Protein chains: 2
Amino acid sequence: MYDLIMKKRDGGTLSTGEIEFFVREYTRGRIPDAQAAALLMAVYFRGLDPRETADLTLAIASSGQRPAPPGAGPWADKHSTGGVGDKTTLVVVPLVAAAGVPVLKMAGRSLGHTGGTIDKLESIPGFDTGLSLQTALRQVREVGAALVGHTPELAPADAKLYSLRDLTATVDSLPLIAASIMGKKLATGARALVLDVKTGRGALMTSPEEAVALARLMVGIGTRAGVATAALVTDMDQPLGRAVGNALEVREAITTLHGAGPPDLTELALRLGGHLLFLAGAVPDPEAGFGKLSRLLRKGAGLAKLRQIVAAQGGDLRVVDEPDRLPQGAVSQTVCARESGWLAVLDARKAGEAALLLGAGRTVPGVPVDPGAGIVLHKKVGDPVRAGEALATLYAATQAAAAAGAARLEEGVAIAPVPPPSRPLIHTVVGA
Amino acid sequence: MYDLIMKKRDGGTLSTGEIEFFVREYTRGRIPDAQAAALLMAVYFRGLDPRETADLTLAIASSGQRPAPPGAGPWADKHSTGGVGDKTTLVVVPLVAAAGVPVLKMAGRSLGHTGGTIDKLESIPGFDTGLSLQTALRQVREVGAALVGHTPELAPADAKLYSLRDLTATVDSLPLIAASIMGKKLATGARALVLDVKTGRGALMTSPEEAVALARLMVGIGTRAGVATAALVTDMDQPLGRAVGNALEVREAITTLHGAGPPDLTELALRLGGHLLFLAGAVPDPEAGFGKLSRLLRKGAGLAKLRQIVAAQGGDLRVVDEPDRLPQGAVSQTVCARESGWLAVLDARKAGEAALLLGAGRTVPGVPVDPGAGIVLHKKVGDPVRAGEALATLYAATQAAAAAGAARLEEGVAIAPVPPPSRPLIHTVVGA
C-alpha cells in the first residue's frame with residue numbers, strides 16, 4: 001500500500017491489479033484509514049486517468065454482491081448528481097415502469113439542503129424503503145419498479161470510501177465522484193442508465209464545462225462496462241419545479257403524475273425517461289421515448305404505477321389521490337418582492353440553505369429530517385413580479401426556523417428592470 | 001479539522017492557531033489518523049511557508065515537557081540528518097563537554113543501513129541509553145554530557161506524526177522534515193545547536209542545493225526561536241571515516257578520541273564542535289573553537305570525558321582503552337580492486353545497503369541490530385589502488401550475509417584511470 005501511495009503521489013499510474021488490491025483490502029479492513037486517506041489526497045492532486053477511473057469503478061462495483069437481471073429484458077436505472085427541488089426520480093421511475101421497462105432504483109439519504117430520495121419517500125406514511133435486495137428484486141419482477149435505500153450487499157466499498165472522503169476533504173475529485181456514482185450503479189446490474197448531471201449555482205458542478213467533463217467520464221465508464229449510458233447536463237441555477245422539501249416534493253411529484261406539474265419538472269422527467277426507454281431498447285430514439293411517456297402521463301399510467309409501488313412498499317395509498325394528506329410545517333412565512341420588475345435570480349444554493357434552516361435537511365448523518373418543512377415557490381426566474389407580491393411560502397415547525405429560512409432565501413433573490421436572459425433546461429446530452 | 005485540510009488542499013495558509021490546534025488535538029488522540037494523513041499529504045503537495053513551518057516546529061516542541069536549563073550557562077546540542085558511517089556525535093559530544101559546554105544529546109534508533117546513535121552506543125556492554133529525563137539532566141550537570149534515547153516526555157507529537165508519515169509516504173517533505181528535527185531539538189531546551197546536513201549519494205538530500213535549502217529552513221527556525229543555530233552542509237557521497245556498522249563505528253570514534261582517527265572524521269568533528277563552542281559563547285569564533293578542541297583532543301581530554309560518560313551510564317570502561325573488546329562479526333570477507341587506478345566512486349548508499357545486508361541495520365522497528373556487523377574501508381575515494389588490492393573488509397554473522405554485503409558494496413565501487421576530482425568535506429556553512 002505504501003508503494004501505491006508513493007506511486008500516485010509522484011504522478012504515476014496505478015495498474016488494474018493495484019487498484020483492485022486497494023479496494024478489496026480496504027473494504028476488508030486490512031488497510032488502515034490513514035493510508036487510504038493519503039492515497040485519496042494524492043489522487044485529489046494527481047487525478048486518475050480514464051483507465052484508472054474505470055478500474056476503480058469496477059472494483060467498487062465488484063466489492064459486494066452482483067444481482068442477476070430479473071428475467072427477460074434489461075432493467076433500467078437513473079441517477080442525478082443532486083439539486084435543489086430535484087424530485088425527478090419520483091416521476092421518471094413510475095412512468096418508465098409503466099412503459100414496460102423495469103427499474104430498480106437505489107437511492108440515499110444525503111446530507112445537505114433536503115433529505116435524499118429515501119427521506120422524501122418516507123414522508124409517505126408507512127412507505128418502507130428498507131427492503132432487502134431479494135425483496136426489491138422480486139418487486140421489480142412483479143410490479144416493474146422498486147424505490148429502495150442502498151443495501152449493504154451492493155458495492156460496500158463505496159460507502160466506506162465515501163465516509164473517508166467526507167472526513168478528509170477529498171470529495172471534490174472528478175474521478176472519485178465518477179467512480180463512486182458509477183460503482184454503485186454498475187453493481188445493481190442495470191443494462192440501461194440515464195444520468196442527470198446538474199450544473200449551475202445549486203449544483204456540485206457549477207459550470208457547464210465541469211458538468212460536461214463529469215458526464216463524459218461517467219458515460220465512458222458505463223459504456224465500457226457494457227451498460228447503455230447517456231447523460232443529460234441540466235440546469236440547477238434555480239430550484240427545479242416549485243417545491244423544495246421532503247413531503248412538499250413528493251406532493252409535487254404526485255401532482256406532476258396527475259398531469260398538473262410545473263413545466264420544467266414535467267419536461268425534464270419526460271426527457272430523462274425518454275432517453276432511458278431508448279437506452280433500454282424500448283423505442284427507436286429518445287424523441288419517441290419522450291412521446292410515449294407523454295401519452296402514458298396523460299392517460300394516468302404513471303400515477304397508476306406509483307400507486308402499485310406505494311402499495312407494494314406498504315405506503316398509505318390515500319396520499320396518491322389526496323396529496324394534501326402529506327405533512328406540512330405548522331408555521332408558514334411568505335417572502336415578498338421588494339420591488340417590481342422581473343425575477344432575475346432565484347439562487348438554488350441559497351434556496352437549498354434556506355430549506356436546511358427550515359428543517360428539511362440534515363448536516364449530521366442519522367438525524368431525522370422534518371418532512372413538512374420546505375419552500376413553495378410562487379414565481380420562477382423570468383416571471384414578472386410586482387413590489388409586495390409573494391415570491392415564496394416557507395414552511396417550518398417553528399417561527400424561528402421560518403424566519404431564518406426566509407432571510408436566507410431572500411439573499412438569493414434578485415429582481416431586474418428587464419427580463420433576464422433565459423437559461424436552457426437541458427444544456428447538452430452526452431452519449432446516446 | 002476538515003476546514004484545515006480543505007484550506008491546505010486549496011493552497012491556503014494555516015494560521016498559528018490552526019497549526020497549534022492540529023498538533024495538540026492529534027497528539028491527544030482527538031483527530032483521527034485519516035484526517036491527519038490527508039492534511040500531511042496536502043502539505044506534501046502545497047508545502048508550508050516559513051511561518052507555518054516555524055509554527056509547526058514550536059507546536060511539536062511544546063507538545064510535551066520543556067526541561068529548564070541546567071544551572072548557569074547555555075547547553076548545547078548537535079544533530080545530523082544521517083549518513084553512512086556517521087559516528088561524529090560520539091566524538092563531538094565528549095570534546096565539547098571537555099571544553100566546558102554541557103551537552104544533552106538525544107538520539108534515535110533509526111531504520112536503515114545501520115542502527116542510530118543509540119544502537120551504536122549499546123554495543124558498549126552495559127551502556128544504558130534509557131535514562132529518564134531527570135537522570136539525564138542530573139548527569140549533564142554533574143558530568144557535562146549525556147547520550148540518551150528520545151524520552152516520551154519530550155515532543156511526543158513528533159513520534160506520533162513521524163509514524164503516520166512513515167505509513168503514508170509523506171516523509172519526503174522539506175518543511176515536515178525540518179519541523180520534525182527542530183521540534184525535537186527545541187524541546188530539549190538547548191541554547192546552542194549545530195546541524196550537520198549531509199549531501200551526496202548516501203544522504204536524504206542528494207543535491208547540495210536541497211541540503212542548503214533544508215539547512216536554511218532549520219537555521220531560520222532555530223534562530224527565530226532564540227536558539228543560536230548554525231548548519232554545516234557536509235559530504236556524504238562516500239561513507240564518513242573508515243568504519244560502517246555499530247560496534248565498528250564506536251571503535252573508530254574511540255580511536256579518533258585517542259588522536260588516531262581518519263582525517264575526514266577528525267576534521268568534521270572538530271569543525272562541528274568548534275561551531276558549537278562559538279554558538280554557545282565559549283569562544284569568539286568557530287576557528288577558535290576548532291583550535292581549542294584540537295588542543296583538547298591532543299591532550300586526551302575528549303577521551304577522559306568519554307570515560308566519565310561511559311562510567312555514568314554504566315558502560316564497560318575497558319572498551320575505552322581497549323576498543324578491540326567491542327564485538328566484531330565472526331565471518332569476514334574482503335572486497336578487492338578488479339583493476340588498477342584510482343578509487344573514483346565508493347557509493348555511500350550502496351555501502352549503507354551493504355551494511356544492512358550484513359546485519360548492521362533494521363527495516364522493521366524494534367528488531368535488534370547485529371552490533372558486530374559492518375564494513376571497514378581500506379581505501380577512500382582518491383586513493384590509488386592496484387588490481388587485487390583489498391578495498392574493504394566486511395564483517396557479519398554468516399557467510400551468506402557477508403557475501404550479500406560484498407556484492408552490494410561492489411556495485412558502488414568504480415576505479416578510474418585518473419584521479420577523480422576532489423569533493424569538499426564541508427560544502428558550505430549556513431548561519432553563524
# chains A, B, ... in the order shown; residues from 1 in each chain; ligands from 1
>>> interface_residues(of="chain B", to="chain A", cutoff="9 Å", atoms="only C-alpha atoms", output="JSON, numbers by chain")
{"B": [1, 2, 3, 5, 6, 9, 32, 33, 34, 35, 36, 37, 38, 39, 40, 41, 42, 44, 45, 164, 166, 167, 168, 169, 170]}
>>> write_last_selection(atoms="C-alpha atoms", output="compact mmCIF listing (two decimals), in the first residue's frame")
# COMPACT_ATOMS: atom_id res chain seq x y z
CA MET B 1 -10.06 19.76 11.15
CA TYR B 2 -11.98 19.27 7.90
CA ASP B 3 -11.64 23.00 7.23
CA ILE B 5 -7.47 20.02 5.36
CA MET B 6 -9.54 21.84 2.74
CA ARG B 9 -5.58 21.33 -0.07
CA PRO B 32 -8.41 10.55 13.52
CA ASP B 33 -5.30 9.33 11.71
CA ALA B 34 -7.21 9.57 8.41
CA GLN B 35 -7.67 13.33 8.75
CA ALA B 36 -4.08 13.87 9.87
CA ALA B 37 -2.86 11.76 6.91
CA ALA B 38 -4.96 13.78 4.46
CA LEU B 39 -3.54 17.02 5.86
CA LEU B 40 0.04 15.72 5.64
CA MET B 41 -0.48 14.68 2.01
CA ALA B 42 -1.96 18.11 1.25
CA TYR B 44 3.29 17.36 0.75
CA PHE B 45 1.76 18.92 -2.37
CA LEU B 164 1.98 8.43 10.42
CA ASP B 166 6.22 6.74 7.59
CA LEU B 167 2.96 4.87 6.84
CA THR B 168 1.57 7.34 4.32
CA ALA B 169 4.53 8.27 2.07
CA THR B 170 4.72 11.82 3.45
>>> residues_around(residues="stretch 215-219 of chain B", least_positions_apart="3", cutoff="8 Å", atoms="only C-alpha atoms", output="PyMOL selection string")
chain B and resi 50+175+178-179+182+195+197+211-212+222-223+229-233+430-431
>>> atom_distance(atom1="atom CA of A:Gly130", atom2="atom CA of A:Ala190")
19.7 Å
>>> select_by_dssp(residues="stretch 99-203 of chain B", states="strand (DSSP E or B)", output="number ranges by chain")
B: 103-107, 112, 145-149, 192-199
>>> residues_around(residues="A:Asp321", least_positions_apart="4", cutoff="10 Å", atoms="only C-alpha atoms", output="number ranges by chain")
A: 254-255, 258, 303, 307, 317, 325
>>> residues_around(residues="stretch 83-94 of chain A", least_positions_apart="3", cutoff="6 Å", atoms="only C-alpha atoms", output="JSON, numbers by chain")
{"A": [97, 98, 203, 239, 240, 243, 244, 253, 269, 273, 302, 305, 306, 352]}
>>> write_last_selection(atoms="N, CA and C atoms", output="PDB file, in the first residue's frame")
ATOM      1  N   ALA A  97     -41.485   2.527 -15.779  1.00  0.00           N
ATOM      2  CA  ALA A  97     -42.016   1.194 -15.451  1.00  0.00           C
ATOM      3  C   ALA A  97     -43.361   0.990 -16.149  1.00  0.00           C
ATOM      4  N   ALA A  98     -44.161   2.065 -16.223  1.00  0.00           N
ATOM      5  CA  ALA A  98     -45.462   1.972 -16.896  1.00  0.00           C
ATOM      6  C   ALA A  98     -45.280   1.673 -18.381  1.00  0.00           C
ATOM      7  N   ALA A 203     -25.609  23.332  -7.996  1.00  0.00           N
ATOM      8  CA  ALA A 203     -25.087  22.005  -8.351  1.00  0.00           C
ATOM      9  C   ALA A 203     -23.675  21.815  -7.827  1.00  0.00           C
ATOM     10  N   PRO A 239     -34.111  26.426  -8.280  1.00  0.00           N
ATOM     11  CA  PRO A 239     -34.655  25.102  -7.935  1.00  0.00           C
ATOM     12  C   PRO A 239     -35.502  24.549  -9.079  1.00  0.00           C
ATOM     13  N   LEU A 240     -35.585  23.230  -9.145  1.00  0.00           N
ATOM     14  CA  LEU A 240     -36.401  22.564 -10.158  1.00  0.00           C
ATOM     15  C   LEU A 240     -37.839  22.498  -9.655  1.00  0.00           C
ATOM     16  N   ALA A 243     -41.458  23.178  -5.654  1.00  0.00           N
ATOM     17  CA  ALA A 243     -41.402  22.699  -4.271  1.00  0.00           C
ATOM     18  C   ALA A 243     -39.984  22.276  -3.891  1.00  0.00           C
ATOM     19  N   VAL A 244     -39.560  22.678  -2.675  1.00  0.00           N
ATOM     20  CA  VAL A 244     -38.278  22.250  -2.098  1.00  0.00           C
ATOM     21  C   VAL A 244     -38.582  21.752  -0.682  1.00  0.00           C
ATOM     22  N   ALA A 253     -44.441  15.818  -7.062  1.00  0.00           N
ATOM     23  CA  ALA A 253     -44.243  14.704  -7.988  1.00  0.00           C
ATOM     24  C   ALA A 253     -45.584  14.040  -8.305  1.00  0.00           C
ATOM     25  N   ALA A 269     -38.526  15.309 -16.609  1.00  0.00           N
ATOM     26  CA  ALA A 269     -38.848  13.911 -16.313  1.00  0.00           C
ATOM     27  C   ALA A 269     -39.122  13.143 -17.617  1.00  0.00           C
ATOM     28  N   GLY A 273     -36.726  10.187 -18.933  1.00  0.00           N
ATOM     29  CA  GLY A 273     -37.401   8.899 -19.124  1.00  0.00           C
ATOM     30  C   GLY A 273     -37.356   8.461 -20.578  1.00  0.00           C
ATOM     31  N   GLY A 302     -48.644   6.599 -15.272  1.00  0.00           N
ATOM     32  CA  GLY A 302     -47.571   6.796 -14.296  1.00  0.00           C
ATOM     33  C   GLY A 302     -48.133   6.810 -12.876  1.00  0.00           C
ATOM     34  N   LYS A 305     -48.965   3.375 -11.808  1.00  0.00           N
ATOM     35  CA  LYS A 305     -47.763   2.615 -11.436  1.00  0.00           C
ATOM     36  C   LYS A 305     -47.251   3.064 -10.060  1.00  0.00           C
ATOM     37  N   LEU A 306     -47.319   4.377  -9.806  1.00  0.00           N
ATOM     38  CA  LEU A 306     -46.897   4.856  -8.486  1.00  0.00           C
ATOM     39  C   LEU A 306     -47.763   4.220  -7.408  1.00  0.00           C
ATOM     40  N   GLY A 352     -31.508  26.098  -1.187  1.00  0.00           N
ATOM     41  CA  GLY A 352     -31.162  24.856  -0.502  1.00  0.00           C
ATOM     42  C   GLY A 352     -30.765  25.122   0.944  1.00  0.00           C
TER      43      GLY A 352
END
>>> residues_around(residues="B:Gln313", least_positions_apart="3", cutoff="7 Å", atoms="only C-alpha atoms", output="ChimeraX atom specification")
/B:127-128,309-310
>>> write_last_selection(atoms="C-alpha atoms", output="PDB file, in the first residue's frame")
ATOM      1  CA  PHE B 127      25.833   1.196  28.463  1.00  0.00           C
ATOM      2  CA  ASP B 128      22.370   2.458  29.458  1.00  0.00           C
ATOM      3  CA  ILE B 309      30.130   9.467  30.324  1.00  0.00           C
ATOM      4  CA  VAL B 310      30.523   5.707  29.885  1.00  0.00           C
TER       5      VAL B 310
END
>>> atom_distance(atom1="atom CA of A:Ala404", atom2="atom CA of A:Arg423")
29.1 Å
>>> residues_around(residues="B:Ile426", least_positions_apart="3", cutoff="10 Å", atoms="only C-alpha atoms", output="PyMOL selection string")
chain B and resi 196-199+232-236+264+267-268+271+423+429
>>> atom_distance(atom1="atom CA of A:Ala351", atom2="atom CA of A:Thr129")
26.8 Å
>>> select_by_dssp(residues="stretch 281-389 of chain A", states="alpha helix (DSSP H)", output="VMD selection string")
chain A and resid 286 to 298 301 to 312 318 to 321 348 to 358
>>> closest_residue(among="B:Ile124, B:Val418, B:Leu104, B:Ala155", to="B:Thr27", atoms="only C-alpha atoms")
B:Ala155
